[in-house]
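**Student:** The structure follows.
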Amino acid sequence: MSKKVRVRFAPSPTGPLHIGGVRTALYNYLFAKKYGGDFILRIEDTDQNRLVQGTENYIIETLKWIGIEPNEGVGFGDGQFAPYRQSDRKDSYRQYAEQLLNAGFAYYAFDTETDLEQLKATHPNFKYDANTREQGKNSLTLSKEEVAQRLANNEHYVIRIKLPLDEDVKFHDEIRGHVTVNTSQMDDKVLLKSDGMPTYHLANVCDDYVMQISHVIRGEEWLPSAPLHVLLYRYLDWENSMPKFAHLPLLLKPDGNGKLSKRDGDRLGFPVFPLEWTDPISNEISSGYKQKGYLPESVLNMLAFLGWNPGTEQEIFSKEELIVAFSIEHIHKAGAKFDFEKAKWFNAEYIKKLSNEALASLVKETVTTKFGNQDDVYLTKALGLVKERFVFLNDVELFGYLFQPTEKYDVTILSKINNIKENFNVDAFADFLLQQTNTDLIAIETSLKEFATNNNIKVGDMMKFLRVSLVGELSGPTIPELIQLFGSEETNKRVKNCFSQL
RNA sequence: GGCCCGUUCGUCUAGGGGUUAGGACAGGAGAUUUUCAUUCUUCAAACACGGGUUCGAUUCCCGUACGGGCUACCA
């Protein structure tokens, strides 16, 4: 009996999608997949003045990167309800506005910008509504002839909804329960703008109806206009097929006030965009999760947990597991501050779960650029030694010593191993290292210790010296692992070079 | 200002009329690792406040405070 689940993600291409938007898309996706439904991408580009070049494509690329591809929509193939870009559907909205006009639920308004400014100036808290519309120039106050004349003259006009003076509008929100708003708190919103484009309210309602959307899952910023949408469904006689509403808690700035916004860019010390974005006008670059070295699976998992939880203590979820576990009942009501530390933790966890081969293929390009060509087998083995040190994929840059010897050692670090110089026969040690052909980790360690004892060197001092020689720092993987990786010849070279600088 | 929504450790959250209020991140301590990281153990840390209702409220109701959203021919 209940209709097929069809949800949509409906961003406007007025800037790059930020992570809050991605989360909204994700929740829609999870909900659709859970119930075997459809997930649709609709581009809401009804404001022609705010369009930003390239953002439509950015949205598409983001959804692809993070792995939540719509089954219908702009960039993802047409379903039976194409087109999915509202500017391409422009002509379809007028008929609905006229339907409302004919039914007495809407009217023409000819007020100019100046007219409205004047009304606002003379009436404190002015809003265009049942109490004030008689002061405007509209088809309710003007004579029939004058309205016809103005329309015939192609005068600019908008079509506004005609709201009742005092009526409770009630609806059920899947997250917040019952919500009631009185029409006295609302205003006669413009439905069709003077450029012939619909506003969000009209376009959104019409498209959701036409595209047979079953659930509207969107940000909480839409909650105040939901009653208006309910009224539109009613006045268009679509109330029986009205979708269910779920208004998501907002993502808040971690540092203080307000919802996270596109303008936050890199100001907060972490990216707010999934992909790097270059502003087409200012050329300003904002960093993206992808370029920072986040795995899409990690971002997906992290975002899912911002405002939702599975009700269990499991935190690491694959996309498939999320689909199974997801439910609207477990969406939190309050806004969530973005937790950058947790995002890092998720990413480190996901990198640790990667096989060495998978990690190698993900960082190969960076390694090649930074440190030159590497043999695949060597690269894989080397990464295995440092995998648990990664937070971001880009951290591979910190492990250059795996691919290139240190030419010039840091003097402060050298000063910490300087004491080995006295009565240390570096040539004997280097020769000894060169003779090591055993690749067994324990055997390497044992023979190193033997050398130290036989030559009256403290094991600790020798290990420190070796470490600095091989790594260039006082921390890193175990010595035997490094020797095993580098081989005796390379080990020998590094040791000699390091000692020469002591 | 008006209206709407919200409020559990620093952060993300579980829970819900009677609980030692649970977990995770971050932080502290310790163990392992002759280093560091990992891993493990462990510690500290919360029901915004005031009134009801009730035998009992953090949980239900009402107020207050605080936070957020909306208040455009923007979405």
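Residue numbering restarts at 1 for every chain of the structure tokens, chains are lettered A, B, ... in their displayed order, and ligands are numbered from 1 as they appear.
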Distance cut-off 7 Å, counting only C-alpha atoms (C1' of nucleotides) - which residues of chain B neighbour chain A? Return them as a PyMOL selection string.
**Tutor:** chain B and resi 3-4+6+11-12+14+23+25-26+34-38+68-70+73+75
**Student:** So that I can see what lies close to Ile316 (chain A), please list as a ChimeraX atom specification the residues with an atom at most 10 Å from it, counting only C-alpha atoms (C1' of nucleotides) and leaving out residues fewer than 5 positions away in the same chain.
**Tutor:** /A:297-298,301-302,305,321-322,346,349-350
**Student:** Would you save the residues from that selection as an mmCIF file, in the first residue's frame, using C-alpha atoms?
**Tutor:**
```
data_model
loop_
_atom_site.group_PDB
_atom_site.id
_atom_site.type_symbol
_atom_site.label_atom_id
_atom_site.label_comp_id
_atom_site.auth_asym_id
_atom_site.auth_seq_id
_atom_site.Cartn_x
_atom_site.Cartn_y
_atom_site.Cartn_z
ATOM 1 C CA GLU A 297 34.859 5.425 3.015
ATOM 2 C CA SER A 298 36.150 7.179 6.092
ATOM 3 C CA ASN A 301 31.401 6.780 7.923
ATOM 4 C CA MET A 302 32.297 9.917 9.846
ATOM 5 C CA PHE A 305 27.714 9.537 12.632
ATOM 6 C CA GLU A 321 26.511 -1.908 6.862
ATOM 7 C CA LEU A 322 25.250 1.653 7.115
ATOM 8 C CA PHE A 346 38.136 7.530 11.445
ATOM 9 C CA GLU A 349 41.304 3.512 11.290
ATOM 10 C CA TYR A 350 40.376 3.121 7.650
#
```
**Student:** Out of region 157-340 of chain A, which residues get strand (DSSP E) from DSSP, as an MDAnalysis selection string?
**Tutor:** chainID A and resid 158:161 168:173 177:182 190:192 215:219 244:248 251:252 277:278 285:286 336:337
**Student:** Can I get the selection written as a compact mmCIF listing (two decimals), in the first residue's frame, with C-alpha atoms?
**Tutor:**
```txt
# COMPACT_ATOMS: atom_id res chain seq x y z
CA VAL A 158 5.01 37.95 -9.37
CA ILE A 159 2.49 35.37 -8.30
CA ARG A 160 2.04 35.10 -4.55
CA ILE A 161 0.30 32.47 -2.51
CA ASP A 168 -3.17 26.29 12.18
CA VAL A 169 -1.12 24.27 9.77
CA LYS A 170 -0.16 20.95 11.25
CA PHE A 171 2.17 18.35 9.91
CA HIS A 172 4.19 15.45 11.09
CA ASP A 173 7.94 15.48 10.92
CA GLY A 177 7.07 14.78 15.66
CA HIS A 178 4.09 17.05 15.28
CA VAL A 179 4.73 20.62 14.33
CA THR A 180 2.11 23.36 14.23
CA VAL A 181 2.43 26.80 12.76
CA ASN A 182 -0.28 29.39 12.43
CA VAL A 190 6.25 34.62 -3.95
CA LEU A 191 5.73 31.46 -5.96
CA LEU A 192 6.60 32.67 -9.42
CA HIS A 215 10.17 11.35 1.60
CA VAL A 216 11.67 14.79 1.82
CA ILE A 217 14.84 14.52 3.87
CA ARG A 218 16.49 17.90 4.13
CA GLY A 219 18.21 20.30 6.51
CA LYS A 244 6.71 12.60 4.44
CA PHE A 245 9.07 15.17 5.91
CA ALA A 246 12.24 14.67 7.89
CA HIS A 247 14.21 17.74 8.88
CA LEU A 248 17.80 16.96 9.73
CA LEU A 251 26.07 20.79 11.25
CA LEU A 252 27.45 23.56 13.43
CA TRP A 277 37.61 23.93 -4.93
CA THR A 278 38.97 26.86 -6.83
CA ILE A 285 41.55 27.64 -3.36
CA SER A 286 39.70 25.82 -0.61
CA ALA A 336 26.12 18.69 15.87
CA LYS A 337 29.40 20.52 16.06
```
**Student:** Using only C-alpha atoms (C1' of nucleotides), determine which residues lie at most 9 Å from Lys137 (chain A), disregarding the query and same-chain residues fewer than 3 positions distant; provide the list as a PyMOL selection string.
**Tutor:** chain A and resi 108-112+115+133-134+140-142
**Student:** With N, CA and C atoms retained, export the selected residues as a CSV table (one decimal), in the first residue's frame.
**Tutor:**
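again_10.csv, written as the output of this step:
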```csv
chain,number,residue,atom,x,y,z
A,108,TYR,N,-1.9,37.8,-8.5
A,108,TYR,CA,-0.8,38.5,-9.1
A,108,TYR,C,-0.4,39.7,-8.2
A,109,ALA,N,0.9,40.0,-8.2
A,109,ALA,CA,1.3,41.2,-7.4
A,109,ALA,C,2.2,42.0,-8.3
A,110,PHE,N,1.9,43.3,-8.4
A,110,PHE,CA,2.7,44.1,-9.3
A,110,PHE,C,3.6,45.1,-8.5
A,111,ASP,N,3.7,44.9,-7.2
A,111,ASP,CA,4.5,45.8,-6.5
A,111,ASP,C,6.0,45.8,-6.9
A,112,THR,N,6.5,47.0,-7.1
A,112,THR,CA,7.9,47.1,-7.5
A,112,THR,C,8.8,47.0,-6.2
A,115,ASP,N,8.2,49.9,-4.1
A,115,ASP,CA,6.9,49.8,-3.4
A,115,ASP,C,7.1,49.0,-2.1
A,133,ARG,N,-2.0,42.8,2.5
A,133,ARG,CA,-2.0,42.8,1.0
A,133,ARG,C,-2.9,43.8,0.4
A,134,GLU,N,-3.9,44.3,1.2
A,134,GLU,CA,-4.8,45.3,0.6
A,134,GLU,C,-4.0,46.6,0.3
A,140,LEU,N,-5.9,41.5,-6.1
A,140,LEU,CA,-6.9,41.5,-5.1
A,140,LEU,C,-7.4,42.9,-4.9
A,141,THR,N,-6.5,43.9,-5.1
A,141,THR,CA,-6.9,45.3,-4.8
A,141,THR,C,-7.1,46.1,-6.1
A,142,LEU,N,-6.5,45.6,-7.2
A,142,LEU,CA,-6.7,46.4,-8.5
A,142,LEU,C,-8.0,45.8,-9.1
```
**Student:** Excluding region 418-423 of chain A and residues on its chain fewer than 3 positions from it, collect all residues at most 8 Å away from it, counting only C-alpha atoms (C1' of nucleotides), and give them as a list in words.
**Tutor:**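 Non-adjacent residues within range: Leu414, Ser415, Asp461, Met462, Phe465 and Leu502 of chain A.
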**Student:** Could the residues in this selection be written to a file with C-alpha atoms, as a PDB file, in the first residue's frame?
**Tutor:**
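Dumped everything to result.pdb:
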```pdb
ATOM      1  CA  LEU A 414      73.230  13.971  15.625  1.00  0.00           C
ATOM      2  CA  SER A 415      74.141  15.578  18.910  1.00  0.00           C
ATOM      3  CA  ASP A 461      73.607   3.435  21.921  1.00  0.00           C
ATOM      4  CA  MET A 462      74.183   1.307  18.888  1.00  0.00           C
ATOM      5  CA  PHE A 465      72.914   5.359  16.104  1.00  0.00           C
ATOM      6  CA  LEU A 502      79.049  13.013  13.564  1.00  0.00           C
TER       7      LEU A 502
END
```
**Student:** Find the residues near region 397-409 of chain A: any atom within 7 Å, counting only C-alpha atoms (C1' of nucleotides), skip ones fewer than 4 places away on the same chain, and give them as a ChimeraX atom specification.
**Tutor:** /A:371,382,414,471-472,494,498
**Student:** Quick one: residues within 10 Å of G16 (chain B), only C-alpha atoms (C1' of nucleotides), excluding same-chain residues fewer than 5 positions away - as JSON, numbers by chain?
**Tutor:** {"B": [21, 58, 59]}
**Student:** What's the 12 Å shell around Lys292 (chain A), counting only C-alpha atoms (C1' of nucleotides), without same-chain residues fewer than 6 positions away, as a count of residues only?
**Tutor:** 19
**Student:** Please, what distance in Å, to one decimal, runs between CA of Leu202 (chain A) and CA of Asn131 (chain A)?
**Tutor:**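 Going from CA of Leu202 (chain A) over to CA of Asn131 (chain A) covers 22.7 Å.
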**Student:** Got a sec to tell me which of region 311-438 of chain A DSSP assigns to alpha helix (DSSP H), as a tab-separated table (two decimals) with C-alpha atoms, in the first residue's frame?
**Tutor:**
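See states_30.tsv below for the written result:
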```tsv
chain	number	residue	atom	x	y	z
A	319	LYS	CA	28.52	1.68	3.32
A	320	GLU	CA	26.65	-1.61	3.10
A	321	GLU	CA	26.51	-1.91	6.86
A	322	LEU	CA	25.25	1.65	7.12
A	323	ILE	CA	22.45	0.88	4.70
A	324	VAL	CA	21.33	-1.99	6.89
A	325	ALA	CA	21.68	-0.09	10.17
A	340	PHE	CA	37.74	17.24	13.42
A	341	GLU	CA	39.65	14.97	15.79
A	342	LYS	CA	37.11	12.26	15.33
A	343	ALA	CA	37.34	12.66	11.57
A	344	LYS	CA	41.08	12.07	11.82
A	345	TRP	CA	40.57	9.01	13.94
A	346	PHE	CA	38.14	7.53	11.44
A	347	ASN	CA	40.61	8.08	8.65
A	348	ALA	CA	43.49	6.51	10.54
A	349	GLU	CA	41.30	3.51	11.29
A	350	TYR	CA	40.38	3.12	7.65
A	351	ILE	CA	43.98	3.35	6.53
A	352	LYS	CA	44.99	0.71	9.06
A	353	LYS	CA	42.33	-1.58	7.64
A	356	ASN	CA	49.54	-2.96	2.12
A	357	GLU	CA	48.89	-3.43	-1.57
A	358	ALA	CA	45.82	-1.21	-1.47
A	359	LEU	CA	47.66	1.48	0.44
A	360	ALA	CA	50.52	1.27	-2.05
A	361	SER	CA	48.27	1.85	-5.00
A	362	LEU	CA	46.63	4.80	-3.25
A	363	VAL	CA	49.89	6.60	-2.48
A	364	LYS	CA	52.00	5.45	-5.41
A	365	GLU	CA	51.48	8.65	-7.35
A	366	THR	CA	52.51	10.87	-4.46
A	367	VAL	CA	55.53	8.72	-3.69
A	368	THR	CA	56.65	8.76	-7.30
A	369	THR	CA	56.32	12.51	-7.53
A	370	LYS	CA	58.09	13.17	-4.27
A	371	PHE	CA	60.67	10.42	-4.10
A	376	ASP	CA	55.81	-2.09	-6.46
A	377	VAL	CA	56.95	-4.93	-4.24
A	378	TYR	CA	59.34	-2.67	-2.37
A	379	LEU	CA	56.72	0.07	-2.01
A	380	THR	CA	54.20	-2.37	-0.60
A	381	LYS	CA	56.67	-3.79	1.88
A	382	ALA	CA	57.91	-0.38	2.96
A	383	LEU	CA	54.39	0.91	3.56
A	384	GLY	CA	53.67	-2.12	5.67
A	385	LEU	CA	56.23	-0.84	8.16
A	386	VAL	CA	54.58	2.54	8.59
A	411	VAL	CA	72.65	18.48	13.78
A	412	THR	CA	70.47	18.46	16.86
A	413	ILE	CA	69.59	14.85	16.23
A	414	LEU	CA	73.23	13.97	15.62
A	415	SER	CA	74.14	15.58	18.91
A	426	VAL	CA	82.61	2.25	12.30
A	427	ASP	CA	84.44	0.40	9.57
A	428	ALA	CA	84.18	-2.86	11.42
A	429	PHE	CA	80.51	-2.17	12.03
A	430	ALA	CA	79.88	-1.30	8.41
A	431	ASP	CA	81.65	-4.45	7.28
A	432	PHE	CA	79.65	-6.45	9.73
A	433	LEU	CA	76.42	-4.99	8.36
A	434	LEU	CA	77.49	-5.74	4.83
A	435	GLN	CA	77.94	-9.38	5.72
```
**Student:** In Å, with one decimal, what is the gap from CA of Asn425 (chain A) to CA of Val468 (chain A)?
**Tutor:**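 According to the coordinates, CA of Asn425 (chain A) and CA of Val468 (chain A) are separated by 17.1 Å.
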